Amino acid sequence: MESNDLKKLIAKDILPQTQNWSGTERFLMAIVDLLLRYIKEENDRSSKILEFHHPAEMLKLVDLSIPDQPESLEKLVKDCEKVLRYGVKTGHPRFFNQISCGLDLVSMAGEWLTATCNTNMFTYEISPVFILMEKEVLRKMWECIGWDTEKSDGIFAPGGAVANLYAMNAARHSMFPRSKHLGMKDVPTLCAFTSEDSHYSIKSAAAVCGIGTDNCFNIQTDSTGRMIPEALEKKICECKKEGMAPLFVCCTAGTTVYGAWDPIDKIADICERHRIWLHVDAAWGGGLLLSPEYRYKLAGIERANSVTWNPHKLMGALLQCSACLFRQDGLLFQCNQMSADYLFMQDKPYDVSYDTGDKAIQCGRHNDVFKLWIMWKSKVCNELLTKFDRFSSE
Ligand SMILES: *Cc1c(COP(=O)(O)O)cnc(C)c1O
């Protein structure tokens with residue numbers, strides 16, 4: 001008889017090393033049981049959000065060492081219990097720091113399923129269903145923005161900061177496509193513009209894209225934290241006079257600290273006049289596109305060339321879930337494609353544009369769409385604004 005006593009079992013006694021299904025099941029059920037208890041306790045308003053300990057003390061409470069000999073499965077479960085106990089309960093009804101909080105259980109179920117499928121978003125052949133699922137969810141997001149779904153593009157990225165980088169890099173490519181191959185040698189001094197209250201990742205993208213943080217100008221905001229369009233246009237004109245090439249304007253829809261909404265329509269007029277790429281950083285505020293009542297705060301977003309939208313913030317999808325969306329299809333491939341022939345062979349039995357890995361600046365890409373797809377399917381649109389529900393129920 002095979003044992004299912006977790007005290008006596010170690011990892012090599014269960015699947016796939018042995019066929020001991022009852023031991024395997026016992027281990028996984030112990031973990032599931034732990035998770036269920038965690039979720040139940042986390043949702044209890046009278047429980048603590050955090051039991052704080054200083055680092056040295058914490059190291060005594062939780063055994064974080066990697067031992068020389070394998071630990072029993074029972075010990076692993078006990079270790080995990082402690083790890084959960086001393087962490088921050090981000091799904092606690094009274095937890096509001098940071099911008100992603102709450103635990104949407106349907107989205108979490110998607111994340112559990114994602115972990116078990118354990119695949120990569122390189123190509124259609126390794127991820128047939130998820131590649132199509134990603135396209136379907138992107139289509140929904142383009143619709144929410146108001147773009148032509150036959151002509152738009154997008155990619156899920158590891159966070160809004162990286163999504164902003166995708167946008168700036170694509171903007172540079174659309175204006176100076178040769179820089180992909182030649183670097184910045186023939187390119188004039190580029191500059192970018194963003195409000196003084198915008199997210200720091202815009203400056204970081206400017207550093208990475210060879211624009212330079214000093215050439216990424218902070219535009220003044222009004223007393224409510226919105227970018228002042230006249231100040232933007234004045235700065236653009238000054239830069240042009242100095243011989244610089246204005247490339248990119250970032251309009252923030254929901255600033256990270258104040259939750260201010262830059263006037264997109266007015267800024268879009270300026271970008272059209274000066275032929276500058278308009279990016280809307282709606283990492284935080286994108287969720288309001290689903291609200292008939294508050295959508296007006298993003299009026300004009302359909303005029304943007306690119307949009308960053310983090311469903312892991314206002315919409316309540318699990319971390320990490322972030323998309324960079326483009327009004328023009330094809331640009332991401334042109335800009336990021338490296339055609340590595342061990343992965344992205346051109347002679348496959350399907351349309352190779354499904355091999356989305358070649359539009360990414362990453363190689364492997366985590367599946368961040370399953371948890372969003374299943375959550376979105378489970379609700380009517382404005383129910384997805386969990387963060388608003390949470391505030392109003394407090
Ligand atoms: C949170 C935020 C970001 C960064 O998103 P991450 O997913 O944390 O990388 C960018 N812009 C704005 C406006 C944000 O609020």
# chains A, B, ... in the order shown; residues from 1 in each chain; ligands from 1
>>> closest_atom_pairs(of="chain A", to="ligand 1", cutoff="8 Å", atoms="only C-alpha atoms and all ligand atoms", output="tab-separated table")
residue	atom	partner	partner_atom_place_in_ligand_line	distance
A:Ile99	CA	ligand 1	1 (C)	6.9
A:Pro158	CA	ligand 1	7 (O)	7.0
A:Gly159	CA	ligand 1	7 (O)	3.3
A:Gly160	CA	ligand 1	5 (O)	3.3
A:Ala161	CA	ligand 1	9 (O)	3.8
A:Val162	CA	ligand 1	9 (O)	6.2
A:Ala163	CA	ligand 1	9 (O)	7.6
A:Asn164	CA	ligand 1	10 (C)	7.2
A:Ser198	CA	ligand 1	13 (C)	6.3
A:His199	CA	ligand 1	11 (N)	4.8
A:Tyr200	CA	ligand 1	10 (C)	7.5
A:Ser201	CA	ligand 1	10 (C)	6.2
A:Ile202	CA	ligand 1	10 (C)	7.9
A:Thr252	CA	ligand 1	13 (C)	6.0
A:Ala253	CA	ligand 1	13 (C)	6.9
A:Gly254	CA	ligand 1	13 (C)	6.1
A:Thr255	CA	ligand 1	13 (C)	5.0
A:Thr256	CA	ligand 1	15 (O)	4.0
A:Val257	CA	ligand 1	15 (O)	7.7
A:Asp281	CA	ligand 1	13 (C)	5.5
A:Ala282	CA	ligand 1	13 (C)	5.9
A:Ala283	CA	ligand 1	12 (C)	4.7
A:Trp284	CA	ligand 1	15 (O)	4.4
A:Gly285	CA	ligand 1	13 (C)	7.6
A:Thr308	CA	ligand 1	11 (N)	7.7
A:Asn310	CA	ligand 1	7 (O)	6.4
A:His312	CA	ligand 1	7 (O)	7.7
A:Lys313	CA	ligand 1	1 (C)	7.6
A:Gln320	CA	ligand 1	7 (O)	7.1
A:Cys321	CA	ligand 1	7 (O)	7.5
A:Ser322	CA	ligand 1	7 (O)	6.3
>>> select_by_dssp(residues="region 127-363 of chain A", states="strand (DSSP E)", output="PDB file with C-alpha atoms, in the first residue's frame")
ATOM      1  CA  ASP A 153      -3.450  45.997 -31.797  1.00  0.00           C
ATOM      2  CA  GLY A 154      -2.224  45.328 -28.291  1.00  0.00           C
ATOM      3  CA  ILE A 155      -0.295  43.166 -25.921  1.00  0.00           C
ATOM      4  CA  PHE A 156      -0.460  42.188 -22.256  1.00  0.00           C
ATOM      5  CA  LEU A 190      13.693  63.724 -29.320  1.00  0.00           C
ATOM      6  CA  CYS A 191      11.492  64.980 -26.518  1.00  0.00           C
ATOM      7  CA  ALA A 192       8.419  63.806 -24.621  1.00  0.00           C
ATOM      8  CA  PHE A 193       5.827  65.581 -22.492  1.00  0.00           C
ATOM      9  CA  THR A 194       3.885  64.436 -19.479  1.00  0.00           C
ATOM     10  CA  SER A 195       2.210  66.166 -16.552  1.00  0.00           C
ATOM     11  CA  CYS A 216      10.974  64.313 -20.918  1.00  0.00           C
ATOM     12  CA  PHE A 217       9.310  67.536 -19.793  1.00  0.00           C
ATOM     13  CA  ASN A 218       6.974  67.886 -16.840  1.00  0.00           C
ATOM     14  CA  ILE A 219       4.007  70.012 -17.795  1.00  0.00           C
ATOM     15  CA  ALA A 245      11.716  66.742 -32.334  1.00  0.00           C
ATOM     16  CA  PRO A 246       8.613  66.368 -30.134  1.00  0.00           C
ATOM     17  CA  LEU A 247       7.718  62.683 -30.210  1.00  0.00           C
ATOM     18  CA  PHE A 248       5.345  61.717 -27.446  1.00  0.00           C
ATOM     19  CA  VAL A 249       2.705  63.249 -25.216  1.00  0.00           C
ATOM     20  CA  CYS A 250       1.402  61.277 -22.260  1.00  0.00           C
ATOM     21  CA  CYS A 251      -2.015  62.151 -20.987  1.00  0.00           C
ATOM     22  CA  THR A 252      -2.829  60.548 -17.624  1.00  0.00           C
ATOM     23  CA  TRP A 277       2.018  60.626 -30.763  1.00  0.00           C
ATOM     24  CA  LEU A 278      -0.681  60.746 -28.095  1.00  0.00           C
ATOM     25  CA  HIS A 279      -0.492  58.140 -25.349  1.00  0.00           C
ATOM     26  CA  VAL A 280      -3.121  57.851 -22.626  1.00  0.00           C
ATOM     27  CA  ASP A 281      -1.802  56.323 -19.424  1.00  0.00           C
ATOM     28  CA  ALA A 282      -5.069  54.914 -18.071  1.00  0.00           C
ATOM     29  CA  SER A 306      -1.820  54.119 -27.596  1.00  0.00           C
ATOM     30  CA  VAL A 307      -3.408  53.403 -24.228  1.00  0.00           C
ATOM     31  CA  THR A 308      -2.112  51.702 -21.078  1.00  0.00           C
ATOM     32  CA  TRP A 309      -4.849  50.014 -19.061  1.00  0.00           C
ATOM     33  CA  ALA A 323      -2.339  45.870 -21.372  1.00  0.00           C
ATOM     34  CA  CYS A 324      -0.814  48.264 -23.866  1.00  0.00           C
ATOM     35  CA  LEU A 325      -3.266  48.972 -26.678  1.00  0.00           C
ATOM     36  CA  PHE A 326      -2.592  50.513 -30.083  1.00  0.00           C
TER      37      PHE A 326
END
>>> closest_residue(among="A:Met58, A:Ala299, A:Ala157, A:Leu34", to="Gln362 (chain A)", atoms="only C-alpha atoms")
A:Ala157
>>> closest_residue(among="A:Leu288, A:Ala30, A:Met315, A:Ala360", to="Trp373 (chain A)", atoms="only C-alpha atoms")
A:Met315
>>> closest_residue(among="A:Leu84, A:Ile126, A:Leu331, A:Met244", to="Ile39 (chain A)", atoms="only C-alpha atoms")
A:Leu84
>>> residues_around(residues="region 77-82 of chain A", least_positions_apart="6", cutoff="7 Å", atoms="only C-alpha atoms", output="list in words")
Ile31, Leu34, Val62 and Asp63 of chain A
>>> atom_distance(atom1="CA of Gln98 (chain A)", atom2="CA of Ile49 (chain A)")
13.2 Å
>>> decode(residues="region 147-182 of chain A", atoms="C-alpha atoms", output="JSON list (two decimals), in the first residue's frame")
[["chain", "number", "residue", "atom", "x", "y", "z"],
["A", 147, "TRP", "CA", -11.44, 51.94, -31.80],
["A", 148, "ASP", "CA", -12.03, 49.98, -34.99],
["A", 149, "THR", "CA", -11.51, 46.40, -33.81],
["A", 150, "GLU", "CA", -10.34, 45.33, -37.27],
["A", 151, "LYS", "CA", -7.43, 47.78, -37.20],
["A", 152, "SER", "CA", -6.21, 47.82, -33.61],
["A", 153, "ASP", "CA", -3.45, 46.00, -31.80],
["A", 154, "GLY", "CA", -2.22, 45.33, -28.29],
["A", 155, "ILE", "CA", -0.30, 43.17, -25.92],
["A", 156, "PHE", "CA", -0.46, 42.19, -22.26],
["A", 157, "ALA", "CA", 2.67, 43.39, -20.50],
["A", 158, "PRO", "CA", 4.15, 42.81, -17.05],
["A", 159, "GLY", "CA", 2.67, 45.95, -15.51],
["A", 160, "GLY", "CA", 1.71, 49.47, -16.53],
["A", 161, "ALA", "CA", 5.29, 50.75, -16.40],
["A", 162, "VAL", "CA", 6.33, 48.23, -19.06],
["A", 163, "ALA", "CA", 3.14, 48.96, -21.03],
["A", 164, "ASN", "CA", 4.15, 52.64, -21.08],
["A", 165, "LEU", "CA", 7.57, 51.60, -22.35],
["A", 166, "TYR", "CA", 5.95, 49.58, -25.16],
["A", 167, "ALA", "CA", 3.99, 52.68, -26.13],
["A", 168, "MET", "CA", 6.98, 55.04, -26.23],
["A", 169, "ASN", "CA", 9.10, 52.55, -28.12],
["A", 170, "ALA", "CA", 6.33, 52.08, -30.72],
["A", 171, "ALA", "CA", 5.96, 55.87, -31.02],
["A", 172, "ARG", "CA", 9.66, 56.19, -31.75],
["A", 173, "HIS", "CA", 9.44, 53.41, -34.30],
["A", 174, "SER", "CA", 6.52, 55.01, -36.08],
["A", 175, "MET", "CA", 8.45, 58.25, -36.50],
["A", 176, "PHE", "CA", 11.99, 56.88, -36.94],
["A", 177, "PRO", "CA", 11.73, 53.22, -38.06],
["A", 178, "ARG", "CA", 15.43, 53.09, -38.94],
["A", 179, "SER", "CA", 16.39, 53.55, -35.29],
["A", 180, "LYS", "CA", 15.43, 49.90, -34.68],
["A", 181, "HIS", "CA", 18.49, 48.93, -36.73],
["A", 182, "LEU", "CA", 20.77, 51.93, -36.51]]
